[in-house]
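For reference, the structure discussed in these notes is given below.
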Amino acid sequence: MADTMNLEAAAYTSQGTPREKVALPGAIFDGTINLPVMHQAVKAYLANQRQGTHSTKTRGEVVGGNQKPWKQKGTGRARSGSTRSPVWVGGGTVFGPRPRKYTEIVPKQVRALARKSALNARASEGAILVIDAFQYDAPKTAKLSQLLARLELSGKKVLILTDGAKTNVFLSGRNMPDVKILPYSDVSTYHVLWSDVVLIESGAVGEALAPIAEKALSPLKVKKAAKAAPEAPAKKKAAAKKTASAKADAKPAAKKTAAKKAPAKKTAAPKKKEK
């Protein structure tokens, strides 16, 4: 448990214009970071996502194999009573996975402590930014991407926490792979630790900032993710170029040698007439 401290976060408008720093509420942001509790909460969250529907068949559940493949003695082979034995191809599975539940129950107070620790960890890194208000009349992905570009967050994992459920904001970032949008009350420890930067609406942390009247800013160019380089190594490419150039040089040389080797055709002498 860390000592209580007063943490601040940088504040911005919905278009990315800087504002004065905001003091985060001490009830949550008091510097507490409990690693074992965060590990327990994340492990339980991931376990609860599993359906547990995996299933394999034992030798008693596989169809067929009722008849003895061959007689007990006299064949020279090992004795066998069924083709559905685990040692046969197509037979049953021994100790295979069976349907089960992976549910892990974490007490409410432990979950709250883990969530508080995750938020404090991001605040101590300076990775929490406060936005005065998300006022979206309609879903607009370009507007949200421009905000992230002005905050220099393009290419980073961003978690946006709104003051209550805001459908237009959620729909604006739904098709952005590195952005997750949730109400502040529904955020979990996993989502906070998944993100690189957390954007929180001011009303969610009890600091309702009045929006500033500002003109529409000129749009910025949003950098797209660079495409992965081809897997072929440079050495193979260089070798392919050398072989291609060698083949190209060999063709005219082969033509010259063929022209030299080709014998000149002798003109046939006229036959003498017999007397």
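If you're wondering about the labels, chains in the structure tokens are A, B, ... by order shown, residues count from 1 in each chain, ligands from 1 in order shown.
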Which range 75-120 of chain A residues have any atom within 12 Å of an atom of range 128-132 of chain A, and for each, what is the nearest pair of atoms with distance in Å to one decimal, counting only C-alpha atoms, rows sorted by chain and number, as a Markdown table?
```
| residue | atom | partner | partner_atom | distance |
| --- | --- | --- | --- | --- |
| A:Ala118 | CA | A:Ile128 | CA | 11.2 |
| A:Leu119 | CA | A:Ile128 | CA | 8.3 |
| A:Asn120 | CA | A:Ile128 | CA | 9.3 |
```
How would the residues just picked look written out with N, CA and C atoms as a PDB file, in the first residue's frame?
```
ATOM      1  N   ALA A 118      -5.259  -0.411 -10.759  1.00  0.00           N
ATOM      2  CA  ALA A 118      -4.943  -0.239 -12.177  1.00  0.00           C
ATOM      3  C   ALA A 118      -5.025   1.228 -12.586  1.00  0.00           C
ATOM      4  N   LEU A 119      -6.044   1.938 -12.105  1.00  0.00           N
ATOM      5  CA  LEU A 119      -6.174   3.359 -12.435  1.00  0.00           C
ATOM      6  C   LEU A 119      -5.024   4.163 -11.822  1.00  0.00           C
ATOM      7  N   ASN A 120      -4.628   3.808 -10.613  1.00  0.00           N
ATOM      8  CA  ASN A 120      -3.502   4.501  -9.985  1.00  0.00           C
ATOM      9  C   ASN A 120      -2.198   4.239 -10.724  1.00  0.00           C
TER      10      ASN A 120
END
```
- Could you name the residues that touch Leu193 in chain A at 10 Å or less, counting only C-alpha atoms, but leaving out those on the same chain fewer than 3 positions away, as a ChimeraX atom specification? /A:38,42,115,117-119,121-122,159,188-190,196-198
The selected residues should be written to file as a tab-separated table (two decimals), in the first residue's frame (atoms: C-alpha atoms).
```tsv
chain	number	residue	atom	x	y	z
A	38	MET	CA	-4.60	-6.97	-10.11
A	42	VAL	CA	-7.21	-10.17	-14.70
A	115	ARG	CA	-9.64	-1.57	-10.47
A	117	SER	CA	-4.85	-0.12	-8.37
A	118	ALA	CA	-4.94	-0.24	-12.18
A	119	LEU	CA	-6.17	3.36	-12.43
A	121	ALA	CA	-0.84	2.69	-12.00
A	122	ARG	CA	-1.86	4.56	-15.16
A	159	LEU	CA	-9.30	3.34	-23.54
A	188	SER	CA	-12.63	-3.49	-15.47
A	189	THR	CA	-9.04	-4.00	-14.36
A	190	TYR	CA	-8.27	-5.88	-17.57
A	196	ASP	CA	-1.53	2.43	-23.06
A	197	VAL	CA	-3.47	5.65	-22.40
A	198	VAL	CA	-6.83	6.26	-20.70
```
- Message: Would you compute the distance between CA of Lys140 in chain A and CA of Ser202 in chain A? Give it in Å to one decimal.
- Response: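 Here the two named atoms are 20.7 Å from each other.
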- Residue neighbourhood range 93-100 of chain A, 8 Å, only C-alpha atoms, exclusion window fewer than 5 positions, as an MDAnalysis selection string: chainID A and resid 52:59 86
Output C-alpha atoms for every residue in the selection just made, as a CSV table (one decimal), in the first residue's frame.
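This is the output file selection25.csv:
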```csv
chain,number,residue,atom,x,y,z
A,52,GLY,CA,-15.6,-24.6,-21.7
A,53,THR,CA,-17.5,-26.5,-24.5
A,54,HIS,CA,-14.4,-28.5,-25.5
A,55,SER,CA,-15.1,-32.2,-25.5
A,56,THR,CA,-13.4,-35.5,-26.6
A,57,LYS,CA,-14.8,-39.1,-26.7
A,58,THR,CA,-13.6,-41.9,-24.6
A,59,ARG,CA,-13.5,-45.5,-26.0
A,86,PRO,CA,-7.0,-45.6,-27.3
```
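Here the DSSP assignment of strand (DSSP E or B), based on backbone atoms, applies within range 50-140 of chain A to A:Ile128, A:Leu129, A:Val130, A:Ile131.
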- Message: Just list as a PyMOL selection string whatever in range 13-262 of chain A DSSP marks as alpha helix (DSSP H).
- Response: chain A and resi 35-48+108-124+141-150+167-172+189-194+234-261
Mind dumping the selected residues with C-alpha atoms as a tab-separated table (two decimals), in the first residue's frame?
```tsv
chain	number	residue	atom	x	y	z
A	35	LEU	CA	-0.03	-6.14	-7.94
A	36	PRO	CA	-1.29	-9.52	-6.58
A	37	VAL	CA	-4.87	-8.28	-6.53
A	38	MET	CA	-4.60	-6.97	-10.11
A	39	HIS	CA	-3.22	-10.33	-11.23
A	40	GLN	CA	-6.10	-12.16	-9.57
A	41	ALA	CA	-8.70	-9.90	-11.20
A	42	VAL	CA	-7.21	-10.17	-14.70
A	43	LYS	CA	-6.84	-13.96	-14.42
A	44	ALA	CA	-10.48	-14.29	-13.35
A	45	TYR	CA	-11.64	-11.97	-16.16
A	46	LEU	CA	-9.86	-14.02	-18.83
A	47	ALA	CA	-11.04	-17.31	-17.33
A	48	ASN	CA	-14.65	-16.14	-17.33
A	108	LYS	CA	-16.57	-7.35	-4.85
A	109	GLN	CA	-14.10	-5.55	-2.58
A	110	VAL	CA	-11.16	-7.32	-4.23
A	111	ARG	CA	-12.42	-6.31	-7.68
A	112	ALA	CA	-12.80	-2.71	-6.55
A	113	LEU	CA	-9.26	-2.70	-5.11
A	114	ALA	CA	-7.84	-4.16	-8.34
A	115	ARG	CA	-9.64	-1.57	-10.47
A	116	LYS	CA	-8.43	1.21	-8.18
A	117	SER	CA	-4.85	-0.12	-8.37
A	118	ALA	CA	-4.94	-0.24	-12.18
A	119	LEU	CA	-6.17	3.36	-12.43
A	120	ASN	CA	-3.50	4.50	-9.99
A	121	ALA	CA	-0.84	2.69	-12.00
A	122	ARG	CA	-1.86	4.56	-15.16
A	123	ALA	CA	-2.11	7.88	-13.28
A	124	SER	CA	1.39	7.48	-11.82
A	141	THR	CA	-15.14	8.21	-36.64
A	142	ALA	CA	-13.15	11.02	-38.30
A	143	LYS	CA	-13.85	13.33	-35.36
A	144	LEU	CA	-12.53	10.81	-32.84
A	145	SER	CA	-9.49	9.94	-34.95
A	146	GLN	CA	-8.64	13.66	-35.22
A	147	LEU	CA	-8.73	13.94	-31.42
A	148	LEU	CA	-6.34	11.01	-31.06
A	149	ALA	CA	-4.05	12.45	-33.74
A	150	ARG	CA	-3.83	15.83	-31.95
A	167	THR	CA	-24.07	5.62	-28.03
A	168	ASN	CA	-22.68	8.10	-30.56
A	169	VAL	CA	-19.23	8.05	-28.99
A	170	PHE	CA	-19.24	4.25	-28.88
A	171	LEU	CA	-20.28	3.96	-32.52
A	172	SER	CA	-17.59	6.49	-33.51
A	189	THR	CA	-9.04	-4.00	-14.36
A	190	TYR	CA	-8.27	-5.88	-17.57
A	191	HIS	CA	-9.32	-3.00	-19.83
A	192	VAL	CA	-7.28	-0.45	-17.87
A	193	LEU	CA	-4.15	-2.60	-17.99
A	194	TRP	CA	-4.76	-3.45	-21.67
A	234	ALA	CA	17.17	-9.93	-48.52
A	235	LYS	CA	19.75	-12.62	-49.24
A	236	LYS	CA	17.26	-14.66	-51.25
A	237	LYS	CA	16.28	-11.59	-53.28
A	238	ALA	CA	19.92	-10.77	-54.04
A	239	ALA	CA	20.60	-14.37	-55.07
A	240	ALA	CA	17.55	-14.38	-57.34
A	241	LYS	CA	18.76	-11.16	-59.02
A	242	LYS	CA	22.24	-12.64	-59.58
A	243	THR	CA	20.87	-15.81	-61.15
A	244	ALA	CA	18.54	-13.80	-63.39
A	245	SER	CA	21.40	-11.55	-64.57
A	246	ALA	CA	23.63	-14.60	-65.11
A	247	LYS	CA	20.96	-16.22	-67.27
A	248	ALA	CA	20.52	-13.01	-69.26
A	249	ASP	CA	24.29	-12.81	-69.91
A	250	ALA	CA	24.49	-16.49	-70.81
A	251	LYS	CA	21.92	-16.24	-73.63
A	252	PRO	CA	23.97	-14.05	-76.04
A	253	ALA	CA	27.13	-15.99	-75.23
A	254	ALA	CA	25.37	-19.25	-76.06
A	255	LYS	CA	24.18	-17.81	-79.36
A	256	LYS	CA	27.76	-16.81	-80.32
A	257	THR	CA	29.20	-20.22	-79.49
A	258	ALA	CA	26.40	-21.93	-81.41
A	259	ALA	CA	27.12	-19.73	-84.43
A	260	LYS	CA	30.83	-20.63	-84.28
A	261	LYS	CA	30.25	-24.37	-83.92
```
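Proximity to Ala138 in chain A was assessed for A:Lys166, A:Asn34, A:Ile181, A:Glu125 counting only C-alpha atoms; the smallest distance is recorded for A:Lys166.
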- Task: Find the distance between CA of Ile200 in chain A and CA of Pro25 in chain A and write it in Å to one decimal.
- Result: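 Between these atoms lies a distance of 12.5 Å.
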- Task: Excluding Leu161 in chain A and residues on its chain fewer than 5 positions from it, collect all residues at most 7 Å away from it, counting only C-alpha atoms, and give them as JSON, numbers by chain.
- Result: {"A": [181, 182, 183, 184, 199, 200, 201]}
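Between Glu152 in chain A and the candidates A:Leu220, A:Ala133, A:Ala78, A:Ala11, the tightest atom-to-atom separation, counting only C-alpha atoms, involves A:Leu220.
Here CA of Val179 in chain A stands at a distance of 4.9 Å from CA of Val158 in chain A.
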